[in-house]
Amino acid sequence: MRIKNFQDPIAYLDYVQIFLEKNEAVNNLSLGILHRLVIQNRKMDVDNEPYLATIETDNGKIELCMIQTPPHNLTIAGCATTSRESLLYGANQLHKQKQVPGILGENRFVEIFSEEYSRLTKAKRTLHMNQRIYRLDQVNPPKQVDGSMRMAEELDSEMITEWIQRFTQSLGQPIPYEESRERAIQLIEEQTLVLWQVENQIVSMANQTRPTSNGMTINFVYTPPEFERNGYASACVAELSQSILNRGYSFCSLYTDLSNPTSNSIYMRIGYKPVGDSIVYLFES
C-alpha cells in the first residue's frame, strides 16, 4: 500500500475522476467538492489548503480517495474492491499527516476507517449523522398541488436566512445568524435556490448544488411546520429535479436522514431510489 498526496485540485480531479464516477451518485459529495475547487481556482493560504490524497496498491490501483477542505470533515470514497487493509493504512497515514474533526462517507468504509483513526488519535468517536443517498433518473410527478416554483430573489433573503437556521437546527447542526445570512445571500446570488409559492405565500424551498459530469445534488429542502403535509416539498423537489434533467443532466441525487421515515418515503414516491448509506463520525479529544 502507498499514499499519494496532491496539492492541485485540477490535477487531483483529473487523477481520480474515472474512479469516483464509477459510482457517481454515491460519490457526489467528493466529486462536487472537487468540481467546486476547480471552478473557484482560488489561492489558499497554507492553513486552508485542501487535503487531497489517494490510497493505492503497490501497482497503482486506487483503493480510496481522501478529501478535506478545512475546517470541514474528511470525506472518503472507496470502491467495490476497497480492502480493510487499505482503510486501516489510510487511517494510519492520515494520522501522520493531518488532524480532522470528523469523517464521512459510505458506512462500510467509514466504520473501519474512523474506528482506526479514533484508536490512533485516542479521540472519542461519536456518531453524528446516519443518512441514505438517493438517485433519481426520471421524475414521477406528484399529485397536483397549489402553487408554482420560482427562483429565490434578494427580497427573500431575510426569510431564507431564518429558514436556513431552522433547517440546520433540525439537523442538530445549528449555525449562527450571520453565517445563515451569508449562505442565503450566496444561494440567491448563485441562483441555485428555488421557492414554492402559493399565491403570495412562500411555503417551501429547495436548493441545487454540487454539479458533477452527469448529475446534481438537491439539498436545503425545508417546509415550515405550518405548511407541512400539503405536498409542497414533494412538488418543489419534483419540479426542481425535472428542471435539472431538462438541462441535460442524467440524474439528481439527495441525502435523507434515516431517522426521518417521512422524508424518505416522499422522495421515493417521486422517483428517488436508494443507492447507498452514508455516515458521519465526529471526534473529541
# chains A, B, ... in the order shown; residues from 1 in each chain; ligands from 1

$ residues_around --residues "region 108-119 of chain A" --least-positions-apart "2" --cutoff "6 Å" --atoms "only C-alpha atoms" --output "VMD selection string"
chain A and resid 87 to 88 91 105 to 106 121 to 123

$ write_last_selection --atoms "all heavy atoms" --output "PDB file, in the first residue's frame"
ATOM      1  N   LEU A  87      -8.101   0.583   4.143  1.00  0.00           N
ATOM      2  CA  LEU A  87      -8.765   1.514   5.055  1.00  0.00           C
ATOM      3  C   LEU A  87      -7.937   1.741   6.307  1.00  0.00           C
ATOM      4  O   LEU A  87      -7.789   2.880   6.770  1.00  0.00           O
ATOM      5  CB  LEU A  87     -10.150   0.981   5.416  1.00  0.00           C
ATOM      6  CG  LEU A  87     -11.161   0.949   4.267  1.00  0.00           C
ATOM      7  CD1 LEU A  87     -12.363   0.082   4.629  1.00  0.00           C
ATOM      8  CD2 LEU A  87     -11.632   2.361   3.908  1.00  0.00           C
ATOM      9  N   LEU A  88      -7.377   0.672   6.863  1.00  0.00           N
ATOM     10  CA  LEU A  88      -6.523   0.803   8.039  1.00  0.00           C
ATOM     11  C   LEU A  88      -5.252   1.573   7.705  1.00  0.00           C
ATOM     12  O   LEU A  88      -4.794   2.417   8.480  1.00  0.00           O
ATOM     13  CB  LEU A  88      -6.175  -0.585   8.591  1.00  0.00           C
ATOM     14  CG  LEU A  88      -7.354  -1.428   9.104  1.00  0.00           C
ATOM     15  CD1 LEU A  88      -6.873  -2.801   9.549  1.00  0.00           C
ATOM     16  CD2 LEU A  88      -8.070  -0.716  10.254  1.00  0.00           C
ATOM     17  N   ALA A  91      -6.131   5.298   7.390  1.00  0.00           N
ATOM     18  CA  ALA A  91      -6.295   5.941   8.696  1.00  0.00           C
ATOM     19  C   ALA A  91      -4.941   6.210   9.333  1.00  0.00           C
ATOM     20  O   ALA A  91      -4.724   7.261   9.944  1.00  0.00           O
ATOM     21  CB  ALA A  91      -7.147   5.056   9.599  1.00  0.00           C
ATOM     22  N   GLY A 105     -18.705   9.421   4.762  1.00  0.00           N
ATOM     23  CA  GLY A 105     -18.648   8.621   3.541  1.00  0.00           C
ATOM     24  C   GLY A 105     -19.544   7.409   3.693  1.00  0.00           C
ATOM     25  O   GLY A 105     -20.338   7.324   4.632  1.00  0.00           O
ATOM     26  N   GLU A 106     -19.419   6.465   2.780  1.00  0.00           N
ATOM     27  CA  GLU A 106     -20.228   5.256   2.859  1.00  0.00           C
ATOM     28  C   GLU A 106     -19.952   4.501   4.155  1.00  0.00           C
ATOM     29  O   GLU A 106     -18.800   4.392   4.598  1.00  0.00           O
ATOM     30  CB  GLU A 106     -19.931   4.352   1.671  1.00  0.00           C
ATOM     31  CG  GLU A 106     -20.600   4.758   0.375  1.00  0.00           C
ATOM     32  CD  GLU A 106     -20.490   3.667  -0.669  1.00  0.00           C
ATOM     33  OE1 GLU A 106     -21.355   2.768  -0.708  1.00  0.00           O
ATOM     34  OE2 GLU A 106     -19.516   3.707  -1.439  1.00  0.00           O
ATOM     35  N   THR A 121      -5.550   8.244  17.347  1.00  0.00           N
ATOM     36  CA  THR A 121      -5.515   9.603  17.898  1.00  0.00           C
ATOM     37  C   THR A 121      -5.962   9.658  19.351  1.00  0.00           C
ATOM     38  O   THR A 121      -5.818  10.687  20.004  1.00  0.00           O
ATOM     39  CB  THR A 121      -6.423  10.539  17.082  1.00  0.00           C
ATOM     40  OG1 THR A 121      -7.771  10.033  17.119  1.00  0.00           O
ATOM     41  CG2 THR A 121      -5.944  10.610  15.629  1.00  0.00           C
ATOM     42  N   LYS A 122      -6.546   8.538  19.816  1.00  0.00           N
ATOM     43  CA  LYS A 122      -7.116   8.479  21.168  1.00  0.00           C
ATOM     44  C   LYS A 122      -8.239   9.502  21.347  1.00  0.00           C
ATOM     45  O   LYS A 122      -8.499   9.977  22.456  1.00  0.00           O
ATOM     46  CB  LYS A 122      -6.036   8.661  22.232  1.00  0.00           C
ATOM     47  CG  LYS A 122      -4.981   7.563  22.234  1.00  0.00           C
ATOM     48  CD  LYS A 122      -3.929   7.777  23.306  1.00  0.00           C
ATOM     49  CE  LYS A 122      -2.979   6.593  23.415  1.00  0.00           C
ATOM     50  NZ  LYS A 122      -2.327   6.249  22.131  1.00  0.00           N
ATOM     51  N   ALA A 123      -8.900   9.832  20.250  1.00  0.00           N
ATOM     52  CA  ALA A 123     -10.035  10.756  20.291  1.00  0.00           C
ATOM     53  C   ALA A 123     -11.328   9.965  20.368  1.00  0.00           C
ATOM     54  O   ALA A 123     -11.457   8.903  19.753  1.00  0.00           O
ATOM     55  CB  ALA A 123     -10.036  11.639  19.048  1.00  0.00           C
TER      56      ALA A 123
END

$ residues_around --residues "Gly90 (chain A)" --least-positions-apart "6" --cutoff "10 Å" --atoms "only C-alpha atoms" --output "ChimeraX atom specification"
/A:1-3,53-56,63-66,76,84,96,113,116-117

$ closest_atom_pairs --of "region 202-243 of chain A" --to "region 22-39 of chain A" --cutoff "9 Å" --atoms "only C-alpha atoms" --output "CSV"
residue,atom,partner,partner_atom,distance
A:Thr209,CA,A:Gly32,CA,8.0
A:Arg210,CA,A:Gly32,CA,4.3
A:Pro211,CA,A:Gly32,CA,6.0
A:Thr212,CA,A:Gly32,CA,5.9
A:Ser213,CA,A:Glu24,CA,8.6
A:Asn214,CA,A:Glu24,CA,7.9
A:Gly215,CA,A:Ala25,CA,7.4
A:Met216,CA,A:Asn28,CA,7.8
A:Thr217,CA,A:Asn28,CA,7.3

$ write_last_selection --atoms "N, CA and C atoms" --output "PDB file, in the first residue's frame"
ATOM      1  N   THR A 209     -27.177  21.867  -6.037  1.00  0.00           N
ATOM      2  CA  THR A 209     -25.772  22.119  -5.726  1.00  0.00           C
ATOM      3  C   THR A 209     -24.895  20.993  -6.265  1.00  0.00           C
ATOM      4  N   ARG A 210     -23.601  21.175  -6.142  1.00  0.00           N
ATOM      5  CA  ARG A 210     -22.575  20.186  -6.482  1.00  0.00           C
ATOM      6  C   ARG A 210     -22.769  19.543  -7.854  1.00  0.00           C
ATOM      7  N   PRO A 211     -22.736  20.331  -8.936  1.00  0.00           N
ATOM      8  CA  PRO A 211     -22.813  19.711 -10.252  1.00  0.00           C
ATOM      9  C   PRO A 211     -21.592  18.838 -10.521  1.00  0.00           C
ATOM     10  N   THR A 212     -21.838  17.653 -11.051  1.00  0.00           N
ATOM     11  CA  THR A 212     -20.762  16.762 -11.481  1.00  0.00           C
ATOM     12  C   THR A 212     -20.914  16.563 -12.988  1.00  0.00           C
ATOM     13  N   SER A 213     -20.197  15.636 -13.560  1.00  0.00           N
ATOM     14  CA  SER A 213     -20.259  15.461 -15.013  1.00  0.00           C
ATOM     15  C   SER A 213     -21.665  15.122 -15.486  1.00  0.00           C
ATOM     16  N   ASN A 214     -22.392  14.319 -14.698  1.00  0.00           N
ATOM     17  CA  ASN A 214     -23.690  13.820 -15.153  1.00  0.00           C
ATOM     18  C   ASN A 214     -24.855  14.099 -14.212  1.00  0.00           C
ATOM     19  N   GLY A 215     -24.595  14.708 -13.059  1.00  0.00           N
ATOM     20  CA  GLY A 215     -25.670  14.890 -12.097  1.00  0.00           C
ATOM     21  C   GLY A 215     -25.533  16.136 -11.242  1.00  0.00           C
ATOM     22  N   MET A 216     -26.591  16.404 -10.470  1.00  0.00           N
ATOM     23  CA  MET A 216     -26.574  17.467  -9.470  1.00  0.00           C
ATOM     24  C   MET A 216     -27.251  16.938  -8.212  1.00  0.00           C
ATOM     25  N   THR A 217     -26.926  17.564  -7.089  1.00  0.00           N
ATOM     26  CA  THR A 217     -27.497  17.178  -5.804  1.00  0.00           C
ATOM     27  C   THR A 217     -28.493  18.235  -5.344  1.00  0.00           C
TER      28      THR A 217
END

$ atom_distance --atom1 "CA of Val198 (chain A)" --atom2 "CA of Ile185 (chain A)"
22.7 Å

$ select_by_dssp --residues "region 93-122 of chain A" --states "helix (DSSP H, G or I)" --output "list in words"
Gln93, Leu94, His95, Lys96, Gln97, Asn107, Arg108, Phe109, Val110, Glu111, Ile112, Phe113, Ser114, Glu115, Glu116, Tyr117, Ser118, Arg119, Leu120 and Thr121 of chain A

$ write_last_selection --atoms "N, CA and C atoms" --output "PDB file, in the first residue's frame"
ATOM      1  N   GLN A  93      -2.025   6.666   7.749  1.00  0.00           N
ATOM      2  CA  GLN A  93      -1.353   7.742   7.023  1.00  0.00           C
ATOM      3  C   GLN A  93      -1.973   9.097   7.330  1.00  0.00           C
ATOM      4  N   LEU A  94      -3.289   9.141   7.444  1.00  0.00           N
ATOM      5  CA  LEU A  94      -3.957  10.391   7.802  1.00  0.00           C
ATOM      6  C   LEU A  94      -3.491  10.855   9.172  1.00  0.00           C
ATOM      7  N   HIS A  95      -3.406   9.940  10.120  1.00  0.00           N
ATOM      8  CA  HIS A  95      -2.955  10.258  11.469  1.00  0.00           C
ATOM      9  C   HIS A  95      -1.565  10.902  11.446  1.00  0.00           C
ATOM     10  N   LYS A  96      -0.714  10.461  10.544  1.00  0.00           N
ATOM     11  CA  LYS A  96       0.638  11.001  10.438  1.00  0.00           C
ATOM     12  C   LYS A  96       0.658  12.383   9.797  1.00  0.00           C
ATOM     13  N   GLN A  97      -0.327  12.661   8.956  1.00  0.00           N
ATOM     14  CA  GLN A  97      -0.275  13.882   8.151  1.00  0.00           C
ATOM     15  C   GLN A  97      -1.245  14.973   8.567  1.00  0.00           C
ATOM     16  N   ASN A 107     -21.022   3.962   4.741  1.00  0.00           N
ATOM     17  CA  ASN A 107     -20.922   3.280   6.040  1.00  0.00           C
ATOM     18  C   ASN A 107     -19.797   2.263   6.097  1.00  0.00           C
ATOM     19  N   ARG A 108     -19.740   1.377   5.087  1.00  0.00           N
ATOM     20  CA  ARG A 108     -18.808   0.247   5.140  1.00  0.00           C
ATOM     21  C   ARG A 108     -17.357   0.701   5.173  1.00  0.00           C
ATOM     22  N   PHE A 109     -17.071   1.889   4.648  1.00  0.00           N
ATOM     23  CA  PHE A 109     -15.711   2.400   4.680  1.00  0.00           C
ATOM     24  C   PHE A 109     -15.450   3.213   5.950  1.00  0.00           C
ATOM     25  N   VAL A 110     -16.414   4.061   6.297  1.00  0.00           N
ATOM     26  CA  VAL A 110     -16.210   4.978   7.425  1.00  0.00           C
ATOM     27  C   VAL A 110     -16.145   4.236   8.757  1.00  0.00           C
ATOM     28  N   GLU A 111     -16.934   3.176   8.923  1.00  0.00           N
ATOM     29  CA  GLU A 111     -16.907   2.429  10.179  1.00  0.00           C
ATOM     30  C   GLU A 111     -15.491   1.935  10.497  1.00  0.00           C
ATOM     31  N   ILE A 112     -14.845   1.329   9.533  1.00  0.00           N
ATOM     32  CA  ILE A 112     -13.499   0.779   9.732  1.00  0.00           C
ATOM     33  C   ILE A 112     -12.475   1.901   9.865  1.00  0.00           C
ATOM     34  N   PHE A 113     -12.528   2.850   8.935  1.00  0.00           N
ATOM     35  CA  PHE A 113     -11.545   3.934   8.891  1.00  0.00           C
ATOM     36  C   PHE A 113     -11.601   4.779  10.162  1.00  0.00           C
ATOM     37  N   SER A 114     -12.805   5.188  10.565  1.00  0.00           N
ATOM     38  CA  SER A 114     -12.942   6.083  11.718  1.00  0.00           C
ATOM     39  C   SER A 114     -12.587   5.383  13.027  1.00  0.00           C
ATOM     40  N   GLU A 115     -12.899   4.104  13.123  1.00  0.00           N
ATOM     41  CA  GLU A 115     -12.542   3.362  14.336  1.00  0.00           C
ATOM     42  C   GLU A 115     -11.029   3.308  14.506  1.00  0.00           C
ATOM     43  N   GLU A 116     -10.326   3.065  13.410  1.00  0.00           N
ATOM     44  CA  GLU A 116      -8.865   3.010  13.475  1.00  0.00           C
ATOM     45  C   GLU A 116      -8.276   4.388  13.743  1.00  0.00           C
ATOM     46  N   TYR A 117      -8.819   5.416  13.099  1.00  0.00           N
ATOM     47  CA  TYR A 117      -8.326   6.776  13.326  1.00  0.00           C
ATOM     48  C   TYR A 117      -8.560   7.191  14.778  1.00  0.00           C
ATOM     49  N   SER A 118      -9.706   6.821  15.338  1.00  0.00           N
ATOM     50  CA  SER A 118     -10.007   7.115  16.732  1.00  0.00           C
ATOM     51  C   SER A 118      -9.017   6.417  17.663  1.00  0.00           C
ATOM     52  N   ARG A 119      -8.692   5.175  17.335  1.00  0.00           N
ATOM     53  CA  ARG A 119      -7.733   4.422  18.158  1.00  0.00           C
ATOM     54  C   ARG A 119      -6.357   5.077  18.113  1.00  0.00           C
ATOM     55  N   LEU A 120      -5.930   5.490  16.937  1.00  0.00           N
ATOM     56  CA  LEU A 120      -4.603   6.085  16.766  1.00  0.00           C
ATOM     57  C   LEU A 120      -4.486   7.445  17.445  1.00  0.00           C
ATOM     58  N   THR A 121      -5.550   8.244  17.347  1.00  0.00           N
ATOM     59  CA  THR A 121      -5.515   9.603  17.898  1.00  0.00           C
ATOM     60  C   THR A 121      -5.962   9.658  19.351  1.00  0.00           C
TER      61      THR A 121
END

$ closest_residue --among "A:Leu136, A:Glu284, A:Asn200, A:Tyr232" --to "Ser253 (chain A)" --atoms "only C-alpha atoms"
A:Leu136

$ closest_residue --among "A:Lys143, A:Lys61, A:Lys273, A:Arg183" --to "Asn207 (chain A)" --atoms "only C-alpha atoms"
A:Arg183

$ atom_distance --atom1 "CA of Val139 (chain A)" --atom2 "CA of Thr262 (chain A)"
18.6 Å

$ residues_around --residues "Asn264 (chain A)" --least-positions-apart "5" --cutoff "12 Å" --atoms "only C-alpha atoms" --output "count of residues only"
17

$ closest_residue --among "A:Ala206, A:Ala235, A:Ile160, A:Cys79" --to "Val16 (chain A)" --atoms "only C-alpha atoms"
A:Cys79

$ select_by_dssp --residues "region 14-105 of chain A" --states "strand (DSSP E)" --output "PyMOL selection string"
chain A and resi 51-56+62-68+74-77+102-105

$ write_last_selection --atoms "N, CA, C and O atoms" --output "CSV table (one decimal), in the first residue's frame"
chain,number,residue,atom,x,y,z
A,51,TYR,N,-6.9,19.1,1.7
A,51,TYR,CA,-6.1,17.9,1.8
A,51,TYR,C,-6.6,16.9,0.8
A,51,TYR,O,-7.8,16.5,0.8
A,52,LEU,N,-5.8,16.5,-0.1
A,52,LEU,CA,-6.2,15.6,-1.3
A,52,LEU,C,-5.2,14.5,-1.3
A,52,LEU,O,-4.0,14.7,-1.5
A,53,ALA,N,-5.7,13.2,-1.2
A,53,ALA,CA,-4.8,12.1,-1.2
A,53,ALA,C,-5.5,10.8,-1.7
A,53,ALA,O,-6.8,10.7,-1.7
A,54,THR,N,-4.8,9.9,-2.2
A,54,THR,CA,-5.3,8.6,-2.6
A,54,THR,C,-4.5,7.5,-1.8
A,54,THR,O,-3.3,7.7,-1.6
A,55,ILE,N,-5.2,6.4,-1.5
A,55,ILE,CA,-4.5,5.2,-1.0
A,55,ILE,C,-4.6,4.2,-2.2
A,55,ILE,O,-5.6,4.0,-2.8
A,56,GLU,N,-3.4,3.7,-2.5
A,56,GLU,CA,-3.3,2.8,-3.7
A,56,GLU,C,-2.5,1.5,-3.4
A,56,GLU,O,-1.8,1.4,-2.4
A,62,ILE,N,-6.1,2.6,-7.5
A,62,ILE,CA,-6.7,3.4,-6.4
A,62,ILE,C,-7.7,2.6,-5.6
A,62,ILE,O,-8.5,1.9,-6.1
A,63,GLU,N,-7.5,2.7,-4.3
A,63,GLU,CA,-8.4,2.0,-3.4
A,63,GLU,C,-9.3,2.9,-2.6
A,63,GLU,O,-10.4,2.6,-2.2
A,64,LEU,N,-8.8,4.2,-2.4
A,64,LEU,CA,-9.5,5.1,-1.5
A,64,LEU,C,-9.1,6.5,-1.9
A,64,LEU,O,-8.0,6.8,-2.1
A,65,CYS,N,-10.1,7.4,-1.9
A,65,CYS,CA,-9.9,8.9,-2.0
A,65,CYS,C,-10.2,9.6,-0.7
A,65,CYS,O,-11.2,9.3,-0.1
A,66,MET,N,-9.3,10.5,-0.3
A,66,MET,CA,-9.5,11.3,0.9
A,66,MET,C,-9.4,12.7,0.5
A,66,MET,O,-8.5,13.2,-0.1
A,67,ILE,N,-10.5,13.5,0.9
A,67,ILE,CA,-10.6,14.9,0.6
A,67,ILE,C,-11.1,15.7,1.8
A,67,ILE,O,-12.1,15.3,2.5
A,68,GLN,N,-10.4,16.8,2.1
A,68,GLN,CA,-10.9,17.7,3.2
A,68,GLN,C,-10.6,19.1,2.8
A,68,GLN,O,-9.5,19.5,2.4
A,74,LEU,N,-13.4,15.2,6.9
A,74,LEU,CA,-12.8,14.5,5.8
A,74,LEU,C,-13.8,13.6,5.1
A,74,LEU,O,-14.6,13.0,5.8
A,75,THR,N,-13.8,13.7,3.8
A,75,THR,CA,-14.7,12.8,3.0
A,75,THR,C,-13.9,11.7,2.4
A,75,THR,O,-12.8,11.9,1.8
A,76,ILE,N,-14.3,10.4,2.6
A,76,ILE,CA,-13.6,9.3,2.0
A,76,ILE,C,-14.5,8.6,1.0
A,76,ILE,O,-15.7,8.5,1.2
A,77,ALA,N,-13.9,8.1,-0.1
A,77,ALA,CA,-14.7,7.3,-1.1
A,77,ALA,C,-13.9,6.1,-1.5
A,77,ALA,O,-12.7,6.3,-1.9
A,102,GLY,N,-13.8,15.2,11.8
A,102,GLY,CA,-14.8,14.2,11.6
A,102,GLY,C,-14.5,13.5,10.3
A,102,GLY,O,-13.7,14.0,9.4
A,103,ILE,N,-15.2,12.4,10.0
A,103,ILE,CA,-15.1,11.6,8.8
A,103,ILE,C,-16.5,11.3,8.3
A,103,ILE,O,-17.3,10.8,9.1
A,104,LEU,N,-16.7,11.4,7.0
A,104,LEU,CA,-17.9,11.0,6.4
A,104,LEU,C,-17.7,10.2,5.1
A,104,LEU,O,-16.7,10.4,4.4
A,105,GLY,N,-18.7,9.4,4.8
A,105,GLY,CA,-18.6,8.6,3.5
A,105,GLY,C,-19.5,7.4,3.7
A,105,GLY,O,-20.3,7.3,4.6

$ decode --residues "region 169-193 of chain A" --atoms "N, CA, C and O atoms" --output "mmCIF file, in the first residue's frame"
data_model
loop_
_atom_site.group_PDB
_atom_site.id
_atom_site.type_symbol
_atom_site.label_atom_id
_atom_site.label_comp_id
_atom_site.auth_asym_id
_atom_site.auth_seq_id
_atom_site.Cartn_x
_atom_site.Cartn_y
_atom_site.Cartn_z
ATOM 1 N N GLN A 169 -30.895 23.709 12.463
ATOM 2 C CA GLN A 169 -31.273 23.347 13.830
ATOM 3 C C GLN A 169 -31.935 21.972 13.852
ATOM 4 O O GLN A 169 -31.660 21.142 14.725
ATOM 5 N N SER A 170 -32.792 21.699 12.870
ATOM 6 C CA SER A 170 -33.492 20.412 12.813
ATOM 7 C C SER A 170 -32.525 19.256 12.577
ATOM 8 O O SER A 170 -32.810 18.119 12.936
ATOM 9 N N LEU A 171 -31.375 19.549 11.968
ATOM 10 C CA LEU A 171 -30.356 18.519 11.723
ATOM 11 C C LEU A 171 -29.401 18.362 12.900
ATOM 12 O O LEU A 171 -28.510 17.508 12.869
ATOM 13 N N GLY A 172 -29.571 19.203 13.919
ATOM 14 C CA GLY A 172 -28.645 19.177 15.042
ATOM 15 C C GLY A 172 -27.331 19.849 14.721
ATOM 16 O O GLY A 172 -26.320 19.615 15.382
ATOM 17 N N GLN A 173 -27.336 20.722 13.680
ATOM 18 C CA GLN A 173 -26.126 21.430 13.269
ATOM 19 C C GLN A 173 -26.410 22.927 13.165
ATOM 20 O O GLN A 173 -26.248 23.532 12.103
ATOM 21 N N PRO A 174 -26.890 23.553 14.246
ATOM 22 C CA PRO A 174 -27.253 24.972 14.176
ATOM 23 C C PRO A 174 -26.059 25.846 13.819
ATOM 24 O O PRO A 174 -24.927 25.572 14.236
ATOM 25 N N ILE A 175 -26.315 26.859 13.002
ATOM 26 C CA ILE A 175 -25.253 27.809 12.647
ATOM 27 C C ILE A 175 -25.700 29.210 13.027
ATOM 28 O O ILE A 175 -26.895 29.497 13.084
ATOM 29 N N PRO A 176 -24.753 30.126 13.305
ATOM 30 C CA PRO A 176 -25.101 31.486 13.733
ATOM 31 C C PRO A 176 -25.872 32.245 12.660
ATOM 32 O O PRO A 176 -25.831 31.903 11.471
ATOM 33 N N TYR A 177 -26.534 33.300 13.102
ATOM 34 C CA TYR A 177 -27.356 34.116 12.194
ATOM 35 C C TYR A 177 -26.527 34.656 11.038
ATOM 36 O O TYR A 177 -26.962 34.584 9.875
ATOM 37 N N GLU A 178 -25.353 35.216 11.335
ATOM 38 C CA GLU A 178 -24.552 35.830 10.283
ATOM 39 C C GLU A 178 -24.138 34.802 9.232
ATOM 40 O O GLU A 178 -24.128 35.101 8.033
ATOM 41 N N GLU A 179 -23.791 33.609 9.673
ATOM 42 C CA GLU A 179 -23.427 32.560 8.722
ATOM 43 C C GLU A 179 -24.637 32.150 7.888
ATOM 44 O O GLU A 179 -24.519 31.900 6.681
ATOM 45 N N SER A 180 -25.795 32.082 8.528
ATOM 46 C CA SER A 180 -27.022 31.759 7.797
ATOM 47 C C SER A 180 -27.316 32.819 6.747
ATOM 48 O O SER A 180 -27.713 32.507 5.619
ATOM 49 N N ARG A 181 -27.137 34.065 7.122
ATOM 50 C CA ARG A 181 -27.400 35.168 6.187
ATOM 51 C C ARG A 181 -26.424 35.129 5.015
ATOM 52 O O ARG A 181 -26.811 35.323 3.856
ATOM 53 N N GLU A 182 -25.153 34.882 5.309
ATOM 54 C CA GLU A 182 -24.157 34.788 4.233
ATOM 55 C C GLU A 182 -24.508 33.656 3.273
ATOM 56 O O GLU A 182 -24.376 33.797 2.046
ATOM 57 N N ARG A 183 -24.952 32.524 3.834
ATOM 58 C CA ARG A 183 -25.318 31.394 2.995
ATOM 59 C C ARG A 183 -26.545 31.735 2.140
ATOM 60 O O ARG A 183 -26.597 31.397 0.956
ATOM 61 N N ALA A 184 -27.526 32.406 2.737
ATOM 62 C CA ALA A 184 -28.729 32.787 1.997
ATOM 63 C C ALA A 184 -28.375 33.694 0.818
ATOM 64 O O ALA A 184 -28.834 33.479 -0.315
ATOM 65 N N ILE A 185 -27.554 34.697 1.072
ATOM 66 C CA ILE A 185 -27.159 35.634 0.015
ATOM 67 C C ILE A 185 -26.384 34.910 -1.085
ATOM 68 O O ILE A 185 -26.594 35.153 -2.280
ATOM 69 N N GLN A 186 -25.510 33.992 -0.668
ATOM 70 C CA GLN A 186 -24.728 33.224 -1.638
ATOM 71 C C GLN A 186 -25.637 32.408 -2.563
ATOM 72 O O GLN A 186 -25.472 32.401 -3.789
ATOM 73 N N LEU A 187 -26.613 31.702 -1.969
ATOM 74 C CA LEU A 187 -27.510 30.863 -2.764
ATOM 75 C C LEU A 187 -28.360 31.694 -3.718
ATOM 76 O O LEU A 187 -28.639 31.282 -4.848
ATOM 77 N N ILE A 188 -28.767 32.872 -3.264
ATOM 78 C CA ILE A 188 -29.559 33.765 -4.118
ATOM 79 C C ILE A 188 -28.694 34.276 -5.271
ATOM 80 O O ILE A 188 -29.119 34.273 -6.434
ATOM 81 N N GLU A 189 -27.480 34.714 -4.952
ATOM 82 C CA GLU A 189 -26.595 35.252 -5.989
ATOM 83 C C GLU A 189 -26.206 34.186 -7.011
ATOM 84 O O GLU A 189 -26.087 34.472 -8.209
ATOM 85 N N GLU A 190 -26.009 32.951 -6.545
ATOM 86 C CA GLU A 190 -25.630 31.874 -7.451
ATOM 87 C C GLU A 190 -26.825 31.312 -8.219
ATOM 88 O O GLU A 190 -26.664 30.483 -9.112
ATOM 89 N N GLN A 191 -28.028 31.759 -7.839
ATOM 90 C CA GLN A 191 -29.278 31.338 -8.494
ATOM 91 C C GLN A 191 -29.435 29.810 -8.480
ATOM 92 O O GLN A 191 -29.726 29.187 -9.501
ATOM 93 N N THR A 192 -29.259 29.258 -7.292
ATOM 94 C CA THR A 192 -29.434 27.810 -7.123
ATOM 95 C C THR A 192 -30.641 27.469 -6.260
ATOM 96 O O THR A 192 -31.158 26.352 -6.341
ATOM 97 N N LEU A 193 -31.111 28.411 -5.453
ATOM 98 C CA LEU A 193 -32.207 28.156 -4.522
ATOM 99 C C LEU A 193 -33.550 28.482 -5.168
ATOM 100 O O LEU A 193 -33.718 29.555 -5.760
#
